[in-house]
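A.B. asks: Okay, so here is query-v3.txt, and as you'll see once you scroll down, it has compact mmCIF, C-alpha atoms and all ligand atoms.
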# COMPACT_ATOMS: atom_id res chain seq x y z
CA MET A 263 120.94 128.09 95.14
CA PRO A 264 122.87 130.81 97.02
CA PRO A 265 126.61 130.01 97.21
CA GLY A 266 127.84 128.29 100.33
CA LYS A 267 124.47 126.73 101.20
CA GLU A 268 123.98 122.99 101.55
CA PRO A 269 122.02 121.60 98.62
CA MET A 270 118.45 120.81 99.63
CA LYS A 271 118.16 117.06 99.51
CA TYR A 272 114.37 117.11 99.41
CA TRP A 273 111.57 119.61 99.72
CA LEU A 274 107.78 119.78 99.79
CA GLN A 275 106.09 120.94 96.64
CA CYS A 276 102.47 121.70 95.80
CA GLU A 277 101.34 119.13 93.28
CA HIS A 278 98.95 121.67 91.77
CA CYS A 279 100.79 125.01 91.48
CA HIS A 280 104.32 123.62 92.09
CA VAL A 281 105.27 126.15 94.78
CA ARG A 282 108.11 124.81 96.96
CA TYR A 283 108.19 124.69 100.76
CA LYS A 284 110.95 123.94 103.23
CA SER A 285 110.26 120.43 104.46
CA ILE A 286 110.82 121.20 108.13
CA LYS A 287 107.47 122.79 108.88
CA ILE A 288 104.24 120.91 109.55
CA LEU A 289 102.13 121.46 106.47
CA TYR A 290 99.84 119.30 104.32
CA HIS A 291 98.19 121.79 101.96
CA CYS A 292 99.59 124.57 99.78
CA ASP A 293 99.16 128.06 101.27
CA GLU A 294 98.63 129.46 97.77
CA CYS A 295 96.07 127.10 96.22
CA ASN A 296 95.21 124.49 98.91
CA GLY A 297 96.60 121.67 96.72
CA LEU A 298 98.18 118.63 98.42
CA LEU A 299 101.92 118.67 98.98
CA GLU A 300 104.36 116.01 97.87
CA VAL A 301 107.95 115.23 98.74
CA ARG A 302 110.38 115.95 95.93
CA HIS A 303 113.94 114.66 95.79
CA ASP A 304 116.88 116.00 93.84
CA LEU A 305 116.83 113.10 91.39
CA LYS A 306 119.81 114.33 89.37
CA ALA A 307 122.02 114.27 92.45
CA LEU A 308 120.51 110.96 93.62
CA ALA A 309 121.13 109.25 90.28
CA LYS A 310 124.86 109.50 91.02
CA CYS A 311 124.68 107.77 94.39
CA VAL A 312 122.07 105.00 94.07
CA SER A 313 122.04 101.90 91.89
CA THR A 314 120.43 98.48 91.72
CA GLN A 315 123.79 97.03 92.93
CA LEU A 316 123.71 99.20 96.06
CA PHE A 317 120.21 97.99 96.92
CA ASP A 318 121.14 94.39 96.13
CA GLU A 319 124.07 94.60 98.56
CA ARG A 320 121.83 95.98 101.31
CA TRP A 321 119.35 93.15 100.68
CA ARG A 322 121.65 90.93 102.73
CA ALA A 323 121.66 93.29 105.74
CA THR A 324 120.87 91.64 109.06
CA HIS A 325 120.40 94.85 111.07
CA SER A 326 118.18 97.90 110.98
CA PRO A 327 117.78 100.17 109.20
CA HIS A 328 118.93 98.44 105.98
CA ARG A 329 117.22 95.26 107.14
CA SER A 330 113.93 97.13 106.62
CA GLY A 331 112.24 96.80 103.23
CA VAL A 332 111.56 100.53 103.42
CA TRP A 333 114.82 101.98 104.71
CA ARG A 334 116.90 99.85 102.37
CA TYR A 335 115.98 102.59 99.89
CA HIS A 336 116.31 105.48 102.36
CA GLU A 337 117.93 107.91 99.91
CA LEU A 338 114.78 107.73 97.79
CA ILE A 339 112.41 107.80 100.77
CA LEU A 340 113.57 110.26 103.43
CA PRO A 341 117.18 111.28 103.92
CA VAL A 342 117.24 111.47 107.74
CA LYS A 343 119.96 110.51 110.19
CA LEU A 344 119.77 106.74 110.39
CA SER A 345 119.72 106.95 114.21
CA GLN A 346 116.39 108.81 114.07
CA ILE A 347 114.54 106.05 112.26
CA VAL A 348 111.60 104.30 113.99
CA THR A 349 111.35 100.84 112.43
CA ARG A 350 110.05 97.37 113.37
CA PRO A 351 111.54 96.63 110.68
CA GLU A 352 108.84 96.37 108.03
CA GLY A 353 108.66 95.19 104.42
CA ASN A 354 110.57 92.19 103.06
CA THR A 355 107.21 90.68 102.23
CA ASN A 356 107.05 87.57 100.08
CA LEU A 357 106.48 87.65 96.37
CA TYR A 358 104.56 84.50 95.52
CA ALA A 359 104.64 82.88 92.10
CA ALA A 360 100.95 82.15 91.49
CA GLY A 361 100.81 81.73 87.70
CA ARG A 362 98.75 79.11 85.89
CA ASP A 363 101.86 77.03 85.12
CA GLU A 364 103.32 76.91 88.64
CA LYS A 365 103.75 73.56 90.34
CA SER A 366 102.44 74.68 93.75
CA GLY A 367 98.87 74.98 94.97
CA LEU A 368 99.05 78.69 94.22
CA ARG A 369 98.55 77.67 90.59
CA LYS A 370 94.82 77.76 91.42
CA ILE A 371 94.96 81.54 91.56
CA GLY A 372 96.66 81.79 88.17
CA GLU A 373 94.12 79.38 86.70
CA TYR A 374 91.32 81.48 88.17
CA VAL A 375 92.58 84.74 86.65
CA GLY A 376 93.90 83.09 83.47
CA VAL A 377 97.45 84.45 83.68
CA SER A 378 100.60 82.32 83.22
CA LYS A 379 103.09 84.75 84.69
CA PHE A 380 101.33 85.95 87.80
CA TYR A 381 102.99 87.16 91.02
CA LEU A 382 101.41 88.22 94.28
CA LYS A 383 103.25 90.45 96.72
CA HIS A 384 101.77 89.84 100.15
CA GLU A 385 101.81 93.10 102.07
CA GLY A 386 99.72 91.42 104.77
CA GLU A 387 103.08 90.03 105.94
CA ASN A 388 104.09 93.41 107.39
CA PRO A 389 104.40 93.76 111.21
CA THR A 390 100.80 94.88 111.82
CA GLY A 391 99.37 92.94 108.89
CA SER A 392 99.03 95.53 106.12
CA PHE A 393 101.12 97.73 103.82
CA LYS A 394 100.26 100.73 106.01
CA ASP A 395 103.40 99.95 108.06
CA ARG A 396 105.61 101.00 105.15
CA GLY A 397 104.16 104.49 105.25
CA MET A 398 103.89 104.67 109.01
CA THR A 399 107.56 103.98 109.73
CA VAL A 400 108.36 107.08 107.65
CA GLY A 401 105.45 109.16 109.00
CA ILE A 402 106.38 108.45 112.62
CA THR A 403 110.08 108.98 111.94
CA GLN A 404 109.18 112.40 110.53
CA ALA A 405 106.95 113.07 113.55
CA VAL A 406 109.97 112.45 115.78
CA VAL A 407 112.22 114.63 113.60
CA LEU A 408 109.65 117.45 113.76
CA GLY A 409 109.24 117.07 117.51
CA ALA A 410 105.49 116.36 117.30
CA LYS A 411 103.80 116.07 120.71
CA ALA A 412 101.04 113.69 119.55
CA VAL A 413 99.83 111.94 116.39
CA ALA A 414 96.39 111.11 114.97
CA CYS A 415 94.58 109.60 112.01
CA ALA A 416 91.13 108.73 110.71
CA SER A 417 90.92 105.16 109.58
CA THR A 418 88.90 102.30 108.16
CA GLY A 419 91.05 100.15 110.46
CA ASN A 420 94.51 99.32 109.15
CA THR A 421 95.94 102.83 109.35
CA SER A 422 94.91 103.05 113.00
CA ALA A 423 96.40 99.63 113.81
CA SER A 424 99.68 100.63 112.21
CA LEU A 425 99.78 104.15 113.67
CA ALA A 426 99.04 102.84 117.17
CA SER A 427 101.93 100.38 116.91
CA TYR A 428 104.54 102.83 115.61
CA ALA A 429 103.41 105.65 117.94
CA ALA A 430 103.82 103.28 120.89
CA GLN A 431 107.30 102.36 119.70
CA ALA A 432 108.21 106.06 119.43
CA GLY A 433 106.57 106.82 122.79
CA LEU A 434 104.08 109.30 121.30
CA PRO A 435 100.43 109.72 122.38
CA CYS A 436 98.10 108.58 119.61
CA PHE A 437 94.46 109.35 118.73
CA VAL A 438 92.52 107.34 116.16
CA PHE A 439 89.16 108.47 114.75
CA LEU A 440 86.98 105.62 113.57
CA PRO A 441 83.57 105.27 111.94
CA GLU A 442 81.59 103.58 114.73
CA GLY A 443 80.55 99.99 114.06
CA LYS A 444 82.24 99.98 110.65
CA ILE A 445 85.65 98.59 111.46
CA SER A 446 86.57 94.97 112.04
CA THR A 447 87.13 93.83 115.62
CA SER A 448 90.65 92.65 114.79
CA LYS A 449 91.78 96.07 113.58
CA LEU A 450 90.12 97.85 116.50
CA ALA A 451 91.73 95.37 118.89
CA GLN A 452 95.18 96.22 117.51
CA ALA A 453 94.68 99.97 118.05
CA VAL A 454 93.31 99.45 121.55
CA ALA A 455 96.02 96.96 122.53
CA HIS A 456 98.79 99.30 121.41
CA GLY A 457 97.37 102.00 123.67
CA ALA A 458 95.80 104.41 121.17
CA ILE A 459 92.97 106.65 122.35
CA THR A 460 90.13 105.54 120.08
CA VAL A 461 87.40 108.02 119.20
CA GLN A 462 84.37 106.33 117.64
CA LEU A 463 82.27 108.67 115.51
CA LYS A 464 78.74 108.22 114.23
CA THR A 465 79.79 108.82 110.63
CA ASP A 466 81.62 107.09 107.78
CA PHE A 467 85.34 107.26 106.92
CA ASP A 468 84.92 110.41 104.86
CA GLY A 469 83.22 112.11 107.82
CA ALA A 470 85.94 110.95 110.23
CA MET A 471 88.56 112.33 107.84
CA LYS A 472 87.05 115.82 108.00
CA ILE A 473 86.92 115.76 111.81
CA VAL A 474 90.50 114.58 112.28
CA GLN A 475 91.81 117.37 110.05
CA TYR A 476 89.95 119.93 112.16
CA VAL A 477 91.13 118.45 115.47
CA CYS A 478 94.77 118.23 114.31
CA ASP A 479 94.75 121.88 113.22
CA GLU A 480 93.15 123.05 116.48
CA LEU A 481 95.29 121.01 118.88
CA ASP A 482 98.53 121.05 116.90
CA ILE A 483 98.63 117.26 116.53
CA TYR A 484 100.61 115.66 113.71
CA LEU A 485 98.20 114.12 111.18
CA LEU A 486 99.19 110.76 109.74
CA ASN A 487 96.56 110.09 107.12
CA SER A 488 97.74 109.67 103.56
CA ILE A 489 97.42 113.41 102.94
CA ASN A 490 100.68 113.33 104.92
CA PRO A 491 103.23 113.21 102.09
CA PHE A 492 105.83 111.29 104.11
CA ARG A 493 103.60 108.24 104.39
CA LEU A 494 103.41 108.01 100.63
CA GLU A 495 107.20 108.12 100.44
CA GLY A 496 107.34 104.98 102.57
CA GLN A 497 104.70 103.21 100.52
CA LYS A 498 106.83 103.76 97.42
CA SER A 499 108.98 100.91 98.73
CA ILE A 500 106.28 98.37 97.77
CA ALA A 501 107.12 99.03 94.12
CA LEU A 502 110.88 99.25 94.68
CA GLU A 503 110.98 95.97 96.60
CA LEU A 504 108.74 94.30 94.03
CA LEU A 505 111.09 95.35 91.22
CA GLN A 506 114.08 94.16 93.20
CA GLN A 507 112.44 90.77 93.82
CA LEU A 508 111.86 90.48 90.07
CA ASN A 509 115.57 91.18 89.60
CA TRP A 510 114.69 94.67 88.29
CA LYS A 511 112.76 93.15 85.37
CA VAL A 512 109.68 95.30 84.92
CA PRO A 513 106.33 93.45 84.86
CA ASP A 514 103.77 94.51 82.27
CA TRP A 515 101.18 95.27 84.94
CA ILE A 516 100.94 96.12 88.61
CA VAL A 517 97.43 95.55 89.96
CA LEU A 518 96.21 96.83 93.33
CA PRO A 519 93.04 97.69 95.28
CA ALA A 520 92.14 101.37 95.43
CA GLY A 521 90.30 103.25 98.18
CA ASN A 522 91.75 106.57 99.26
CA LEU A 523 94.23 106.24 96.34
CA GLY A 524 97.32 106.80 98.46
CA ASN A 525 98.87 103.53 97.34
CA THR A 526 98.13 104.06 93.65
CA SER A 527 99.85 107.46 94.00
CA ALA A 528 102.83 106.11 95.94
CA ILE A 529 103.49 103.16 93.65
CA GLY A 530 103.18 105.40 90.60
CA LYS A 531 105.60 107.94 92.09
CA ALA A 532 108.11 105.18 92.85
CA LEU A 533 108.01 103.89 89.28
CA LEU A 534 108.35 107.31 87.68
CA GLU A 535 111.29 108.16 89.94
CA ALA A 536 112.91 104.75 89.40
CA ARG A 537 112.82 105.34 85.66
CA GLN A 538 114.29 108.81 86.05
CA LEU A 539 117.06 107.39 88.23
CA GLY A 540 117.87 104.74 85.63
CA LEU A 541 116.92 101.83 87.93
CA ILE A 542 114.41 100.68 85.29
CA LYS A 543 114.04 101.47 81.60
CA ARG A 544 110.28 101.29 81.13
CA LEU A 545 107.10 101.59 83.20
CA PRO A 546 104.58 98.89 84.01
CA ARG A 547 100.91 99.78 83.50
CA ILE A 548 99.01 100.30 86.73
CA ALA A 549 95.53 98.85 87.23
CA SER A 550 93.65 100.26 90.25
CA ILE A 551 90.69 98.15 91.31
CA GLN A 552 87.72 99.58 93.19
CA ALA A 553 84.70 97.93 94.78
CA GLN A 554 81.51 98.66 92.87
CA GLY A 555 79.87 100.26 95.91
CA ALA A 556 82.83 102.59 96.43
CA ASN A 557 84.02 103.40 92.93
CA PRO A 558 84.27 107.19 92.45
CA PHE A 559 87.69 106.86 90.80
CA TYR A 560 86.40 104.24 88.36
CA ARG A 561 83.47 106.46 87.43
CA SER A 562 85.80 109.34 86.83
CA PHE A 563 88.07 107.15 84.68
CA GLN A 564 85.00 106.29 82.58
CA THR A 565 84.71 110.00 81.72
CA SER A 566 88.43 110.17 80.85
CA PHE A 567 88.80 111.98 84.19
CA GLU A 568 86.74 114.92 82.99
CA LYS A 569 84.38 114.61 85.97
CA ARG A 570 85.12 113.91 89.61
CA PHE A 571 82.62 111.90 91.67
CA LYS A 572 81.76 111.42 95.34
CA VAL A 573 79.69 108.42 96.41
CA GLN A 574 78.10 107.11 99.60
CA ALA A 575 80.47 104.18 99.96
CA GLU A 576 79.24 100.66 100.72
CA THR A 577 81.15 97.41 100.24
CA ILE A 578 82.11 94.37 102.26
CA ALA A 579 85.76 95.32 101.65
CA SER A 580 85.97 97.84 104.49
CA ALA A 581 89.56 98.92 103.74
CA ILE A 582 88.41 100.42 100.43
CA ARG A 583 85.03 101.68 101.65
CA ILE A 584 85.82 105.28 100.73
CA GLY A 585 83.56 107.60 98.75
CA ASP A 586 85.70 110.71 98.30
CA PRO A 587 89.36 109.70 97.90
CA VAL A 588 91.88 112.23 99.24
CA SER A 589 94.64 111.40 96.74
CA PHE A 590 92.37 111.63 93.71
CA ALA A 591 94.45 114.17 91.75
CA ARG A 592 97.78 112.43 92.15
CA ALA A 593 96.34 108.99 91.40
CA ARG A 594 94.76 110.34 88.22
CA GLN A 595 98.19 111.60 87.18
CA VAL A 596 99.66 108.14 87.83
CA ILE A 597 97.02 106.39 85.72
CA LEU A 598 97.61 108.85 82.88
CA GLU A 599 101.42 108.63 83.03
CA THR A 600 101.57 104.82 83.23
CA ASN A 601 98.90 104.28 80.59
CA GLY A 602 96.99 102.62 83.41
CA VAL A 603 93.37 101.59 83.88
CA VAL A 604 90.77 101.66 86.64
CA GLU A 605 88.40 98.71 87.05
CA SER A 606 85.45 98.03 89.33
CA VAL A 607 84.43 94.68 90.84
CA THR A 608 81.33 93.61 92.79
CA ASP A 609 81.40 92.30 96.36
CA LYS A 610 80.43 88.90 94.94
CA GLU A 611 83.50 88.92 92.69
CA ILE A 612 85.66 90.03 95.63
CA LEU A 613 84.44 87.22 97.87
CA GLU A 614 84.82 84.62 95.12
CA ALA A 615 88.41 85.74 94.50
CA LYS A 616 89.08 85.78 98.24
CA ALA A 617 87.97 82.16 98.51
CA VAL A 618 90.45 81.17 95.78
CA ILE A 619 93.32 83.07 97.47
CA ASP A 620 92.44 81.70 100.91
CA ASN A 621 92.14 78.15 99.60
CA SER A 622 95.52 78.37 97.89
CA GLY A 623 97.09 78.67 101.33
CA ILE A 624 98.14 82.31 101.43
CA GLY A 625 94.87 84.10 102.22
CA CYS A 626 94.12 87.82 102.48
CA GLU A 627 91.58 90.32 103.74
CA PRO A 628 88.57 91.18 101.53
CA ALA A 629 89.94 94.44 100.04
CA SER A 630 93.09 92.64 98.88
CA ALA A 631 91.03 90.15 96.90
CA ALA A 632 89.96 93.02 94.62
CA THR A 633 93.42 92.64 93.04
CA VAL A 634 92.71 89.11 91.90
CA ALA A 635 89.07 89.81 90.99
CA GLY A 636 90.19 92.83 88.97
CA THR A 637 92.97 90.96 87.17
CA ARG A 638 90.47 88.29 86.16
CA LYS A 639 88.07 90.90 84.84
CA LEU A 640 90.77 92.74 82.88
CA MET A 641 91.87 89.41 81.37
CA LYS A 642 88.31 88.66 80.32
CA LYS A 643 88.07 92.08 78.70
CA ARG A 644 91.40 91.36 76.98
CA ILE A 645 92.90 94.53 78.41
CA ILE A 646 95.52 92.32 80.06
CA LYS A 647 96.93 89.88 77.47
CA PRO A 648 97.60 86.20 78.33
CA SER A 649 101.29 86.59 77.47
CA GLU A 650 101.82 89.52 79.84
CA THR A 651 103.50 89.40 83.26
CA VAL A 652 101.24 90.61 86.05
CA ALA A 653 102.23 91.51 89.61
CA GLY A 654 99.34 91.96 92.04
CA ILE A 655 99.46 93.47 95.51
CA LEU A 656 97.69 91.72 98.37
CA THR A 657 97.33 94.58 100.83
CA GLY A 658 96.22 92.95 104.09
CA HIS A 659 96.31 89.73 106.14
CA LEU A 660 93.53 87.15 106.28
CA LEU A 661 93.16 87.62 110.06
CA LYS A 662 92.25 91.29 109.62
CA ASP A 663 88.68 90.32 108.93
CA PRO A 664 87.74 86.98 110.49
CA GLU A 665 84.05 87.95 110.45
CA VAL A 666 84.01 88.01 106.65
CA ALA A 667 86.14 84.87 106.45
CA MET A 668 83.69 82.94 108.62
CA MET A 669 80.69 84.37 106.77
CA VAL A 670 82.08 83.01 103.51
CA TYR A 671 83.10 79.65 104.86
CA THR A 672 80.18 78.67 107.04
CA ARG A 673 78.38 77.97 103.76
CA THR A 674 81.12 75.89 102.14
CA THR A 675 83.13 74.70 105.08
CA LYS A 676 84.15 71.08 105.40
CA ALA A 677 83.96 71.01 109.19
CA ILE A 678 82.94 67.90 111.07
CA LYS A 679 80.70 69.04 113.91
CA SER A 680 81.27 67.70 117.39
CA THR A 681 81.38 63.90 117.35
CA GLY A 682 81.89 61.17 119.93
CA VAL A 683 85.35 59.82 120.60
CA ASN A 684 85.09 56.51 118.79
CA PRO A 685 88.35 56.40 116.78
CA ALA A 686 87.20 53.79 114.28
CA LYS A 687 84.00 55.65 113.52
CA LEU A 688 85.85 58.92 113.17
CA GLY A 689 88.40 57.23 110.90
CA ARG A 690 85.63 56.07 108.58
CA THR A 691 84.21 59.58 108.42
CA LEU A 692 87.56 61.18 107.63
CA LYS A 693 88.23 58.59 104.93
CA LYS A 694 85.33 59.99 102.94
CA PHE A 695 87.11 63.36 102.75
CA LEU A 696 90.09 61.70 101.10
CA HIS A 697 87.76 60.10 98.52
CA LEU A 698 89.22 56.69 99.41
C1 LIG B 701 94.42 101.09 103.08
C2 LIG B 701 94.11 99.81 102.40
C3 LIG B 701 93.73 99.76 101.04
C4 LIG B 701 93.49 100.99 100.23
O1 LIG B 701 94.64 101.72 99.90
P1 LIG B 701 94.50 103.25 99.47
O2 LIG B 701 95.87 103.77 99.54
O3 LIG B 701 93.57 103.91 100.47
O4 LIG B 701 93.90 103.28 98.10
C5 LIG B 701 93.50 98.54 100.48
N1 LIG B 701 93.64 97.39 101.19
C6 LIG B 701 94.00 97.40 102.48
C7 LIG B 701 94.11 96.11 103.20
C8 LIG B 701 94.24 98.60 103.13
O5 LIG B 701 94.59 98.58 104.42
ZN ZN B 702 99.61 125.31 95.33
The structure in this file should be written as structure tokens.
Ligand SMILES: *Cc1c(COP(=O)(O)O)cnc(C)c1O
Ligand SMILES: [Zn+2]
C.D. replies:
Amino acid sequence: MPPGKEPMKYWLQCEHCHVRYKSIKILYHCDECNGLLEVRHDLKALAKCVSTQLFDERWRATHSPHRSGVWRYHELILPVKLSQIVTRPEGNTNLYAAGRDEKSGLRKIGEYVGVSKFYLKHEGENPTGSFKDRGMTVGITQAVVLGAKAVACASTGNTSASLASYAAQAGLPCFVFLPEGKISTSKLAQAVAHGAITVQLKTDFDGAMKIVQYVCDELDIYLLNSINPFRLEGQKSIALELLQQLNWKVPDWIVLPAGNLGNTSAIGKALLEARQLGLIKRLPRIASIQAQGANPFYRSFQTSFEKRFKVQAETIASAIRIGDPVSFARARQVILETNGVVESVTDKEILEAKAVIDNSGIGCEPASAATVAGTRKLMKKRIIKPSETVAGILTGHLLKDPEVAMMVYTRTTKAIKSTGVNPAKLGRTLKKFLHL
């Protein structure tokens, strides 16, 4: 570093050829090799100013930005002026004890997967109902810092709902590119209600992704898909908050659904950095779970990552209906460095797991249920051991996909269809449900 210059607190770096870029310019790919860029922090300098005690003190904050479950860790996320931050605030999602030995009704989930020490972090409890808010608060903050004139994304639904909300809060015009007829009404309704300009395309997510990149380049619009490295920085906070909720005791496993692989990458990056900073001593193993009809990462894992696959994606879990994941390379690195695994589950297994989660009282959207279905499968294969502590991520809220919820429950539902208003008769009917 030339004398007299401020130390660079963070920079963008190509994850392939490791060339560094100044973080102020709008850039997603390396000029040299077209690799994706990632945010890098000066971890040596950071190690001197962050600690678990610091974060524990901020945990009690009642005001933004430290009230946010993302910005509580702002030194590790994006060192901006605190006044520039656009936050709802997000995060602070519950970590539910759902092990086999728990006293509550959530025990059913632990019994189903066969794990005694089982936790579920419910990211569906974020402001727009999915973990995407953790990345979007950082992405939109960076858009404001960069002076972007508009923002855009391609989405299977949740990214567009989140982007629309944060763009509206920042007062930025927002375009969302969606695969026509393939996103749930709830997610579309969120984007529309928050004032986004929705562009429905006769293609799938992978096709919409290509178009949005072209449009953003042409029209100089800030792209907020997960190729945007700042979003991943925000999503790192899922892992940091999870560790903090476990009192910085590292679980043996973190299990999560995997589509575009942004979250696998972000959570892995958080853990590796946390270890380097001395916040934790060892790494959990990461298990990324894909749907069988959209499992290119799983297939690649089966070849020890020697081959890369693209598939025509089809699954009921629309949030992970992705055939050519953008963050493939960085997620592979995470699986290798955490001694992780990739598993694949069928739609039937996803829906069965979803019914267990929903019935326990917490509920989730279909993609999230892959976490529980995958944990069960890895237990059966004895890859996860019964004595191990497992933390699963539920990525989205039950109400994100009411169509699927109703489809599952119209078969098993215990509804009493329209009756007369004879109280005694109704009482007798209800009594049967109590097995009296
Ligand atoms: C985006 C999303 C995923 C997939 O995460 P990736 O980072 O694309 O792997 C899973 N579940 C839900 C609910 C999502 O919104
Ligand atoms: Zn490069």
A.B. asks: Got a sec to check which residues lie within 8 Å of ligand LIG 701 (chain B), using only C-alpha atoms and all ligand atoms, and send them as a PyMOL selection string?
C.D. replies: chain A and resi 386+392-394+418-421+488+518-527+581-582+584+587+627-630+656-659
A.B. asks: Enumerate residues in contact with ligand ZN 702 (chain B): an atom-to-atom distance of at most 10 Å, counting all atoms listed in the file. Format the result as a list of chain:residue names.
C.D. replies: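 Checked against 10 Å with all atoms listed in the file; the hits are A:Gln275, A:Cys276, A:Glu277, A:His278, A:Cys279, A:His280, A:Val281, A:Arg282, A:His291, A:Cys292, A:Asp293, A:Glu294, A:Cys295, A:Asn296, A:Gly297, A:Leu298, A:Leu299.
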A.B. asks: Give me the residues near Thr637 of chain A as JSON, numbers by chain, where near means some atom within 12 Å (using only C-alpha atoms) and where sequence neighbours in that chain fewer than 2 positions away do not count.
C.D. replies: {"A": [371, 372, 373, 374, 375, 376, 377, 380, 381, 382, 515, 516, 517, 518, 519, 548, 549, 550, 551, 552, 603, 604, 605, 606, 607, 611, 612, 615, 630, 631, 632, 633, 634, 635, 639, 640, 641, 642, 643, 644, 645, 646, 647, 648, 650, 651, 652, 653, 654, 655]}
A.B. asks: For a test of reading the model, state the distance in Å between atom CA of Ser378 of chain A and atom CA of Lys511 of chain A, rounded to one decimal.
C.D. replies: 16.4 Å
A.B. asks: Just give me the gap between atom CA of Asp482 of chain A and atom CA of Ile459 of chain A in Å, one decimal is fine.
C.D. replies: 16.4 Å
A.B. asks: Mind giving me the straight-line distance from atom CA of Pro327 of chain A to atom CA of Trp273 of chain A in Å, one decimal?
C.D. replies: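 Between these atoms lies a distance of 22.5 Å.
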A.B. asks: My list of candidates is A:Gln538, A:Gln346, A:Ser366, A:Thr324. Which is closest to Ala309 of chain A when distances are computed with all atoms listed in the file?
C.D. replies: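 Between A:Gln538, A:Gln346, A:Ser366, A:Thr324, the residue approaching Ala309 of chain A most closely is A:Gln538.
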A.B. asks: Step by step, gather every atom of segment 521-529 of chain A that the file lists, find the box along x, y and z that holds them, add 6 Å on each side, and finally give centre and edge lengths in Å to one decimal, as lines of an AutoDock Vina configuration file.
C.D. replies:
center_x = 96.9
center_y = 105.3
center_z = 96.5
size_x = 25.2
size_y = 16.3
size_z = 17.6
A.B. asks: Which protein, DNA or RNA residues are at most 9 Å from (97.8, 113.3, 109.0) in the file's coordinates when you count only C-alpha atoms, listed as a list in words?
C.D. replies: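 Protein, DNA and RNA residues close to (97.8, 113.3, 109.0): Tyr290, Gly401, Val413, Ala414, Cys415, Ala416, Val474, Gln475, Cys478, Ile483, Tyr484, Leu485, Leu486, Asn487, Ser488, Ile489, Asn490, Pro491 and Arg493 of chain A.
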A.B. asks: From the options A:Arg350, A:Asn684, A:Ile542, A:Gln315, which residue's atoms come nearest to Arg329 of chain A, counting all atoms listed in the file?
C.D. replies: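 With all atoms listed in the file as the atom set, the closest residue is A:Arg350.
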A.B. asks: Using only C-alpha atoms, find all polymer residues with an atom at most 9 Å away from the point (119.3, 113.1, 94.6); report them as number ranges by chain.
C.D. replies: A: 271-272, 303-312, 337-338, 539
A.B. asks: Using all atoms listed in the file, which residue out of A:Ala423, A:Ala458, A:Ala593, A:Leu545 lies closest to Cys436 of chain A?
C.D. replies: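 Distance minimum relative to Cys436 of chain A lands on A:Ala458.
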A.B. asks: Tell me, as a PyMOL selection string, which residues lie within 10 Å of Ser345 of chain A, counting all atoms listed in the file; anything in the same chain fewer than 3 positions away does not count.
C.D. replies: chain A and resi 326-327+342+348
A.B. asks: Contacts of His456 of chain A at 8 Å or less, counting all atoms listed in the file, minus same-chain residues fewer than 3 places along, as a PyMOL selection string?
C.D. replies: chain A and resi 423+426-427+430+452-453
A.B. asks: Which residues are close to Thr465 of chain A, i.e. within 12 Å by all atoms listed in the file, leaving aside same-chain residues fewer than 6 positions away? Reply as a list in words.
C.D. replies: Ala416, Ser417, Thr418, Phe439, Leu440, Pro441, Glu442, Gly443, Lys444, Ile445, Met471, Lys472, Ile473, Gln574 and Ala575 of chain A
A.B. asks: Missing atoms in segment 626-635 of chain A need filling: write out N, CA and C atoms for it as an mmCIF file, keeping the file's coordinate frame.
C.D. replies:
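Result written to out13.cif:
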data_model
loop_
_atom_site.group_PDB
_atom_site.id
_atom_site.type_symbol
_atom_site.label_atom_id
_atom_site.label_comp_id
_atom_site.auth_asym_id
_atom_site.auth_seq_id
_atom_site.Cartn_x
_atom_site.Cartn_y
_atom_site.Cartn_z
ATOM 1 N N CYS A 626 94.016 86.353 102.424
ATOM 2 C CA CYS A 626 94.120 87.820 102.480
ATOM 3 C C CYS A 626 92.816 88.398 103.021
ATOM 4 N N GLU A 627 92.825 89.697 103.309
ATOM 5 C CA GLU A 627 91.580 90.320 103.740
ATOM 6 C C GLU A 627 90.747 90.714 102.512
ATOM 7 N N PRO A 628 89.440 90.991 102.696
ATOM 8 C CA PRO A 628 88.570 91.180 101.530
ATOM 9 C C PRO A 628 89.072 92.220 100.518
ATOM 10 N N ALA A 629 89.509 93.402 100.985
ATOM 11 C CA ALA A 629 89.940 94.440 100.040
ATOM 12 C C ALA A 629 91.044 93.946 99.118
ATOM 13 N N SER A 630 91.955 93.144 99.664
ATOM 14 C CA SER A 630 93.090 92.640 98.880
ATOM 15 C C SER A 630 92.624 91.774 97.716
ATOM 16 N N ALA A 631 91.525 91.064 97.931
ATOM 17 C CA ALA A 631 91.030 90.150 96.900
ATOM 18 C C ALA A 631 90.569 90.896 95.658
ATOM 19 N N ALA A 632 90.338 92.212 95.791
ATOM 20 C CA ALA A 632 89.960 93.020 94.620
ATOM 21 C C ALA A 632 91.052 92.947 93.554
ATOM 22 N N THR A 633 92.299 92.779 93.985
ATOM 23 C CA THR A 633 93.420 92.640 93.040
ATOM 24 C C THR A 633 93.206 91.458 92.107
ATOM 25 N N VAL A 634 92.871 90.321 92.700
ATOM 26 C CA VAL A 634 92.710 89.110 91.900
ATOM 27 C C VAL A 634 91.405 89.168 91.083
ATOM 28 N N ALA A 635 90.343 89.674 91.715
ATOM 29 C CA ALA A 635 89.070 89.810 90.990
ATOM 30 C C ALA A 635 89.248 90.767 89.806
#
